[in-house]
file work16.pdb (PDB, C-alpha atoms)
MODEL        1
ATOM      1  CA  MET A  25     109.831 103.964 116.716
ATOM      2  CA  LEU A  26     109.018 106.186 113.766
ATOM      3  CA  THR A  27     107.314 105.057 110.582
ATOM      4  CA  SER A  28     108.888 105.880 107.225
ATOM      5  CA  LYS A  29     106.244 108.562 106.568
ATOM      6  CA  GLN A  30     106.866 110.204 109.935
ATOM      7  CA  ARG A  31     110.616 110.041 109.328
ATOM      8  CA  ALA A  32     110.168 111.667 105.908
ATOM      9  CA  ALA A  33     108.044 114.457 107.399
ATOM     10  CA  LEU A  34     110.641 115.102 110.104
ATOM     11  CA  ARG A  35     113.464 115.108 107.523
ATOM     12  CA  SER A  36     111.668 117.796 105.517
ATOM     13  CA  ILE A  37     111.188 119.916 108.649
ATOM     14  CA  ALA A  38     114.822 119.462 109.717
ATOM     15  CA  ALA A  39     116.149 120.543 106.308
ATOM     16  CA  THR A  40     115.671 124.187 107.274
ATOM     17  CA  TYR A  41     117.135 123.797 110.792
ATOM     18  CA  GLU A  42     120.589 124.979 111.797
ATOM     19  CA  THR A  43     123.051 122.734 113.617
ATOM     20  CA  ILE A  44     122.839 123.497 117.343
ATOM     21  CA  PHE A  45     125.365 120.989 118.750
ATOM     22  CA  GLN A  46     128.791 119.851 117.592
ATOM     23  CA  ILE A  47     130.549 116.697 118.734
ATOM     24  CA  GLY A  48     134.265 117.493 119.011
ATOM     25  CA  LYS A  49     137.394 115.899 120.438
ATOM     26  CA  GLY A  50     135.719 115.618 123.851
ATOM     27  CA  GLY A  51     133.377 113.036 122.325
ATOM     28  CA  VAL A  52     129.979 112.096 123.680
ATOM     29  CA  THR A  53     129.897 112.885 127.398
ATOM     30  CA  GLU A  54     127.185 112.692 130.026
ATOM     31  CA  VAL A  55     127.061 116.502 130.229
ATOM     32  CA  LEU A  56     126.620 116.763 126.462
ATOM     33  CA  CYS A  57     123.844 114.152 126.532
ATOM     34  CA  ASN A  58     122.075 116.063 129.309
ATOM     35  CA  GLU A  59     122.221 119.295 127.290
ATOM     36  CA  ILE A  60     120.969 117.504 124.178
ATOM     37  CA  GLY A  61     118.149 115.935 126.215
ATOM     38  CA  GLU A  62     117.104 119.384 127.429
ATOM     39  CA  ALA A  63     117.172 120.767 123.877
ATOM     40  CA  LEU A  64     115.083 117.801 122.686
ATOM     41  CA  ARG A  65     112.540 118.462 125.445
ATOM     42  CA  LYS A  66     112.117 122.058 124.261
ATOM     43  CA  ARG A  67     112.432 121.635 120.495
ATOM     44  CA  GLU A  68     111.707 117.916 119.862
ATOM     45  CA  LEU A  69     113.781 117.961 116.658
ATOM     46  CA  ILE A  70     117.451 118.976 116.555
ATOM     47  CA  LYS A  71     120.327 118.805 114.107
ATOM     48  CA  LEU A  72     123.845 117.923 115.261
ATOM     49  CA  ARG A  73     127.256 117.750 113.609
ATOM     50  CA  VAL A  74     130.332 115.592 114.206
ATOM     51  CA  LEU A  75     133.680 117.334 113.766
ATOM     52  CA  ASP A  76     136.619 115.580 112.088
ATOM     53  CA  ASN A  77     138.685 115.484 115.292
ATOM     54  CA  SER A  78     136.019 113.721 117.364
ATOM     55  CA  GLY A  79     136.947 110.113 116.644
ATOM     56  CA  TYR A  80     133.267 109.279 115.999
ATOM     57  CA  THR A  81     131.401 108.773 112.772
ATOM     58  CA  ALA A  82     128.054 110.534 112.538
ATOM     59  CA  ARG A  83     126.240 107.173 112.795
ATOM     60  CA  GLU A  84     128.157 106.134 115.933
ATOM     61  CA  ALA A  85     127.523 109.472 117.647
ATOM     62  CA  ALA A  86     123.845 109.482 116.617
ATOM     63  CA  ASP A  87     123.265 105.973 117.957
ATOM     64  CA  GLU A  88     125.074 106.637 121.238
ATOM     65  CA  ILE A  89     123.291 109.941 121.898
ATOM     66  CA  ALA A  90     119.905 108.522 120.877
ATOM     67  CA  GLU A  91     120.347 105.655 123.332
ATOM     68  CA  ALA A  92     121.435 107.995 126.136
ATOM     69  CA  THR A  93     118.553 110.438 125.603
ATOM     70  CA  GLY A  94     115.789 108.065 124.494
ATOM     71  CA  ALA A  95     115.494 109.836 121.131
ATOM     72  CA  ASP A  96     114.988 108.472 117.612
ATOM     73  CA  VAL A  97     117.578 108.957 114.880
ATOM     74  CA  VAL A  98     115.718 110.576 111.978
ATOM     75  CA  GLN A  99     118.574 110.762 109.490
ATOM     76  CA  VAL A 100     122.347 110.668 109.147
ATOM     77  CA  ILE A 101     123.998 112.400 106.196
ATOM     78  CA  GLY A 102     127.748 112.939 106.015
ATOM     79  CA  THR A 103     128.829 114.540 109.285
ATOM     80  CA  LYS A 104     125.340 115.695 110.306
ATOM     81  CA  PHE A 105     122.457 113.873 111.931
ATOM     82  CA  VAL A 106     118.965 114.660 113.167
ATOM     83  CA  LEU A 107     117.345 113.448 116.393
ATOM     84  CA  PHE A 108     113.685 113.514 117.427
ATOM     85  CA  LYS A 109     112.063 112.962 120.793
ATOM     86  CA  ARG A 110     108.388 113.670 121.381
ATOM     87  CA  ASN A 111     107.544 115.905 124.351
ATOM     88  CA  PRO A 112     104.458 114.198 125.855
ATOM     89  CA  LYS A 113     103.336 117.218 127.883
ATOM     90  CA  ASP A 114     103.811 120.038 125.383
ATOM     91  CA  PRO A 115     104.257 118.795 121.787
ATOM     92  CA  VAL A 116     105.897 121.254 119.423
ATOM     93  CA  ILE A 117     105.865 119.331 116.132
ATOM     94  CA  ASP A 118     102.543 117.984 114.922
ATOM     95  CA  ILE A 119     103.104 114.631 113.252
ATOM     96  CA  LYS A 120     100.770 111.730 113.805
ATOM     97  CA  LEU A 121     102.436 109.279 116.166
TER      98      LEU A 121
ENDMDL
END
call {"tool": "encode", "arguments": {"input": "work16.pdb", "output": "structure tokens"}}
result
Amino acid sequence: MLTSKQRAALRSIAATYETIFQIGKGGVTEVLCNEIGEALRKRELIKLRVLDNSGYTAREAADEIAEATGADVVQVIGTKFVLFKRNPKDPVIDIKL
């Protein structure tokens, strides 16, 4: 679980990030969650977007993916959301956890 200061620091870092995954009409699948988990392992912090035709709200998709991957939801704004998962072996982002 992230503290509010850690969450704020991660939000400021994520502001410059590009969206690397989109949730479309296929929804949240196991394959998608595996790919997101791999991206989280390498990057630790990723930004995702929910398309209008997906049937999910950004909050629903964020919560479902976070649960499937063991990540923390950093923020949800409109159709975009940010996930964070610390890589214990090779940390990329230096925030005090």
call {"tool": "closest_atom_pairs", "arguments": {"input": "work16.pdb", "of": "stretch 70-98 of chain A", "to": "stretch 31-49 of chain A", "cutoff": "8 Å", "atoms": "all atoms listed in the file", "output": "JSON lines"}}
result
{"residue": "A:Ile70", "atom": "CA", "partner": "A:Ile44", "partner_atom": "CA", "distance": 7.1}
{"residue": "A:Lys71", "atom": "CA", "partner": "A:Thr43", "partner_atom": "CA", "distance": 4.8}
{"residue": "A:Leu72", "atom": "CA", "partner": "A:Phe45", "partner_atom": "CA", "distance": 4.9}
{"residue": "A:Arg73", "atom": "CA", "partner": "A:Gln46", "partner_atom": "CA", "distance": 4.8}
{"residue": "A:Val74", "atom": "CA", "partner": "A:Ile47", "partner_atom": "CA", "distance": 4.7}
{"residue": "A:Leu75", "atom": "CA", "partner": "A:Gly48", "partner_atom": "CA", "distance": 5.3}
{"residue": "A:Asp76", "atom": "CA", "partner": "A:Gly48", "partner_atom": "CA", "distance": 7.6}
{"residue": "A:Asn77", "atom": "CA", "partner": "A:Lys49", "partner_atom": "CA", "distance": 5.3}
{"residue": "A:Ser78", "atom": "CA", "partner": "A:Lys49", "partner_atom": "CA", "distance": 4.0}
{"residue": "A:Gly79", "atom": "CA", "partner": "A:Lys49", "partner_atom": "CA", "distance": 6.9}
{"residue": "A:Ala85", "atom": "CA", "partner": "A:Ile47", "partner_atom": "CA", "distance": 7.9}
{"residue": "A:Val98", "atom": "CA", "partner": "A:Arg31", "partner_atom": "CA", "distance": 5.8}
call {"tool": "closest_residue", "arguments": {"input": "work16.pdb", "among": "A:Val52, A:Met25, A:Ala82, A:Cys57", "to": "A:Asp96", "atoms": "all atoms listed in the file"}}
result
A:Met25
call {"tool": "closest_residue", "arguments": {"input": "work16.pdb", "among": "A:Arg110, A:Thr53, A:Phe105, A:Ile117", "to": "A:Glu84", "atoms": "all atoms listed in the file"}}
result
A:Phe105
call {"tool": "residues_near_point", "arguments": {"input": "work16.pdb", "point": "(114.0, 109.3, 127.8)", "cutoff": "10 Å", "atoms": "all atoms listed in the file", "output": "list in words"}}
result
Gly61, Leu64, Arg65, Ala90, Glu91, Ala92, Thr93, Gly94, Ala95, Lys109, Arg110 and Asn111 of chain A
call {"tool": "closest_residue", "arguments": {"input": "work16.pdb", "among": "A:Tyr80, A:Glu62, A:Asp118, A:Leu26", "to": "A:Lys104", "atoms": "all atoms listed in the file"}}
result
A:Tyr80
call {"tool": "atom_distance", "arguments": {"input": "work16.pdb", "atom1": "atom CA of A:Phe108", "atom2": "atom CA of A:Arg83"}}
result
14.8 Å
call {"tool": "atom_distance", "arguments": {"input": "work16.pdb", "atom1": "atom CA of A:Ile89", "atom2": "atom CA of A:Val55"}}
result
11.3 Å
call {"tool": "closest_residue", "arguments": {"input": "work16.pdb", "among": "A:Gly102, A:Glu88, A:Pro112, A:Ser28", "to": "A:Leu56", "atoms": "all atoms listed in the file"}}
result
A:Glu88
call {"tool": "atom_distance", "arguments": {"input": "work16.pdb", "atom1": "atom CA of A:Gly50", "atom2": "atom CA of A:Arg67"}}
result
24.3 Å
call {"tool": "axis_aligned_box", "arguments": {"input": "work16.pdb", "around": "stretch 63-75 of chain A", "padding_each_side": "8 Å", "output": "AutoDock Vina command-line options"}}
result
--center_x 122.7 --center_y 118.8 --center_z 119.5 --size_x 38.0 --size_y 22.5 --size_z 27.8
